[in-house]
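Engineer: One file: run_17.cif (mmCIF, C-alpha atoms).
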data_input
#
loop_
_atom_site.label_atom_id
_atom_site.label_comp_id
_atom_site.auth_asym_id
_atom_site.auth_seq_id
_atom_site.Cartn_x
_atom_site.Cartn_y
_atom_site.Cartn_z
CA MET A 6 -5.51 -3.78 -53.16
CA PRO A 7 -1.98 -3.35 -51.74
CA ILE A 8 -1.11 -0.14 -49.91
CA SER A 9 2.25 1.44 -50.64
CA LEU A 10 4.67 2.63 -47.95
CA THR A 11 4.54 6.16 -49.36
CA GLU A 12 0.78 6.25 -48.76
CA ILE A 13 1.27 5.31 -45.12
CA GLY A 14 4.39 7.27 -44.31
CA LYS A 15 7.39 5.70 -42.63
CA SER A 16 6.57 7.17 -39.20
CA ASN A 17 3.14 5.53 -39.23
CA LEU A 18 4.30 2.12 -40.43
CA ASP A 19 4.44 0.46 -36.99
CA SER A 20 0.96 1.68 -36.07
CA PHE A 21 -0.37 0.64 -39.45
CA LEU A 22 1.10 -2.85 -39.19
CA MET A 23 -0.30 -3.36 -35.69
CA ILE A 24 -3.77 -2.24 -36.75
CA TYR A 25 -3.81 -3.87 -40.18
CA ILE A 26 -2.23 -7.19 -39.18
CA GLY A 27 -3.07 -7.66 -35.51
CA GLY A 28 -6.17 -5.59 -35.05
CA ASN A 29 -5.14 -4.64 -31.50
CA MET A 30 -2.92 -1.74 -30.63
CA MET A 31 -0.60 -2.78 -27.82
CA ALA A 32 0.44 -0.04 -25.44
CA THR A 33 3.90 -1.33 -24.62
CA GLN A 34 6.36 -4.10 -25.22
CA MET A 35 8.09 -6.40 -22.73
CA ILE A 36 11.26 -8.30 -23.39
CA ILE A 37 11.98 -11.40 -21.34
CA ARG A 38 14.85 -13.85 -21.32
CA ILE A 39 13.90 -17.49 -21.51
CA ASP A 40 15.74 -20.78 -21.89
CA PRO A 41 15.76 -21.78 -25.59
CA LYS A 42 14.32 -25.24 -24.88
CA LEU A 43 11.52 -23.75 -22.82
CA LYS A 44 10.80 -21.23 -25.59
CA ASP A 45 10.59 -24.04 -28.17
CA ARG A 46 8.14 -25.94 -25.99
CA LEU A 47 6.06 -22.77 -25.46
CA ASN A 48 5.99 -22.16 -29.23
CA LYS A 49 4.76 -25.72 -29.81
CA PHE A 50 1.96 -25.37 -27.27
CA ALA A 51 0.94 -22.03 -28.75
CA ARG A 52 0.80 -23.52 -32.25
CA LEU A 53 -1.26 -26.47 -31.00
CA GLU A 54 -3.81 -23.97 -29.64
CA GLY A 55 -3.74 -21.95 -32.86
CA LYS A 56 -2.18 -18.94 -31.14
CA THR A 57 1.00 -16.96 -31.40
CA THR A 58 3.50 -17.14 -28.56
CA SER A 59 2.71 -13.50 -27.76
CA GLN A 60 -1.01 -14.24 -27.51
CA LEU A 61 -0.33 -17.17 -25.19
CA VAL A 62 2.01 -15.16 -22.96
CA ARG A 63 -0.49 -12.26 -22.74
CA GLU A 64 -3.21 -14.75 -21.80
CA LEU A 65 -1.01 -16.33 -19.12
CA ILE A 66 -0.15 -12.93 -17.62
CA GLU A 67 -3.81 -11.84 -17.64
CA ASN A 68 -4.86 -15.05 -15.89
CA TYR A 69 -2.04 -14.71 -13.34
CA ILE A 70 -3.20 -11.20 -12.45
CA LYS A 71 -6.88 -12.20 -12.33
CA GLU A 72 -6.10 -15.03 -9.92
CA ARG A 73 -4.34 -12.63 -7.56
CA ASP A 74 -6.63 -9.61 -7.85
CA ILE A 75 -8.63 -9.66 -4.60
CA ALA A 76 -11.04 -6.93 -5.73
CA ALA A 77 -12.02 -8.92 -8.82
CA TYR A 78 -12.40 -12.02 -6.66
CA ILE A 79 -14.71 -10.20 -4.25
CA ASP A 80 -16.75 -8.73 -7.12
CA ASP A 81 -17.12 -12.20 -8.60
CA LEU A 82 -18.15 -13.56 -5.19
CA TRP A 83 -20.86 -10.89 -4.82
CA ASP A 84 -22.09 -11.68 -8.34
CA ARG A 85 -22.35 -15.39 -7.52
CA ILE A 86 -24.15 -14.67 -4.23
CA GLY A 87 -26.53 -12.33 -6.07
CA GLU A 88 -27.30 -14.98 -8.69
CA LYS A 89 -28.03 -17.59 -6.00
CA LEU A 90 -30.32 -15.18 -4.17
CA LYS A 91 -32.16 -14.36 -7.42
CA ALA A 92 -32.55 -18.08 -8.16
CA LYS A 93 -34.13 -18.54 -4.72
CA ARG A 94 -36.33 -15.48 -5.37
CA VAL A 95 -35.00 -13.63 -2.34
CA LYS A 96 -36.17 -10.01 -2.29
CA PRO A 97 -34.22 -7.04 -0.90
CA SER A 98 -36.75 -6.76 1.93
CA ASP A 99 -36.00 -10.38 2.89
CA ILE A 100 -32.33 -9.48 3.22
CA ASP A 101 -33.13 -6.42 5.32
CA ASP A 102 -35.33 -8.55 7.60
CA ALA A 103 -32.59 -11.17 7.97
CA ILE A 104 -30.00 -8.52 8.88
CA GLU A 105 -32.35 -6.97 11.41
CA ALA A 106 -33.05 -10.37 12.98
CA VAL A 107 -29.34 -11.14 13.34
CA ARG A 108 -28.64 -7.73 14.87
CA LYS A 109 -31.36 -8.26 17.48
CA LYS A 110 -29.64 -11.45 18.70
#
In structure tokens, how does this file's structure come out?
Structural biologist:
Amino acid sequence: MPISLTEIGKSNLDSFLMIYIGGNMMATQMIIRIDPKLKDRLNKFARLEGKTTSQLVRELIENYIKERDIAAYIDDLWDRIGEKLKAKRVKPSDIDDAIEAVRKK
């Protein structure tokens, strides 16, 4: 059933369109300048992946930040170490004993 503009109200139209069409409310907008040929190529790659150009650019920016975020890297490293220790059935007391042994040296 279509919804009329008068039901929504003109001031709420942008919010409505973002929620109704996109499902995600974006906090802000960024405008960039890009070479037209590069933009065309980006659009083609986005379409091949079944994404919009905006989705692809957001994904690229998120990945760029993740790759450079040292805190996230360290957290991931601790998670991987923890998983390896669990797989080897290392107990917390084993770790405490190992630390104590190293400190005695």
Engineer: Would you compute the distance between CA of Ile37 in chain A and CA of Ser59 in chain A? Give it in Å to one decimal.
Structural biologist: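 Atom-to-atom, CA of Ile37 in chain A and CA of Ser59 in chain A are spaced 11.5 Å apart.
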Engineer: What's the separation between CA of Ile39 in chain A and CA of Gln60 in chain A, in Å to one decimal place?
Structural biologist: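 Atom-to-atom, CA of Ile39 in chain A and CA of Gln60 in chain A are spaced 16.4 Å apart.
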Engineer: Quick one: pull the distance between CA of Leu47 in chain A and CA of Val62 in chain A, Å, one decimal.
Structural biologist: 9.0 Å
Engineer: Set the distance at 10 Å and use only C-alpha atoms: which residues neighbour Leu61 in chain A once local chain neighbours fewer than 6 positions away are removed? I'd like the list as a ChimeraX atom specification.
Structural biologist: /A:47-48,50-52,54-55,67
Engineer: Next, the residues of the selection above should be written as a short mmCIF file (atom, residue, chain, number, x, y, z; two decimals), in the coordinates of the input with C-alpha atoms.
Structural biologist:
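Listing of result.cif after writing:
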data_model
loop_
_atom_site.label_atom_id
_atom_site.label_comp_id
_atom_site.auth_asym_id
_atom_site.auth_seq_id
_atom_site.Cartn_x
_atom_site.Cartn_y
_atom_site.Cartn_z
CA LEU A 47 6.06 -22.77 -25.46
CA ASN A 48 5.99 -22.16 -29.23
CA PHE A 50 1.96 -25.37 -27.27
CA ALA A 51 0.94 -22.03 -28.75
CA ARG A 52 0.80 -23.52 -32.25
CA GLU A 54 -3.81 -23.97 -29.64
CA GLY A 55 -3.74 -21.95 -32.86
CA GLU A 67 -3.81 -11.84 -17.64
#
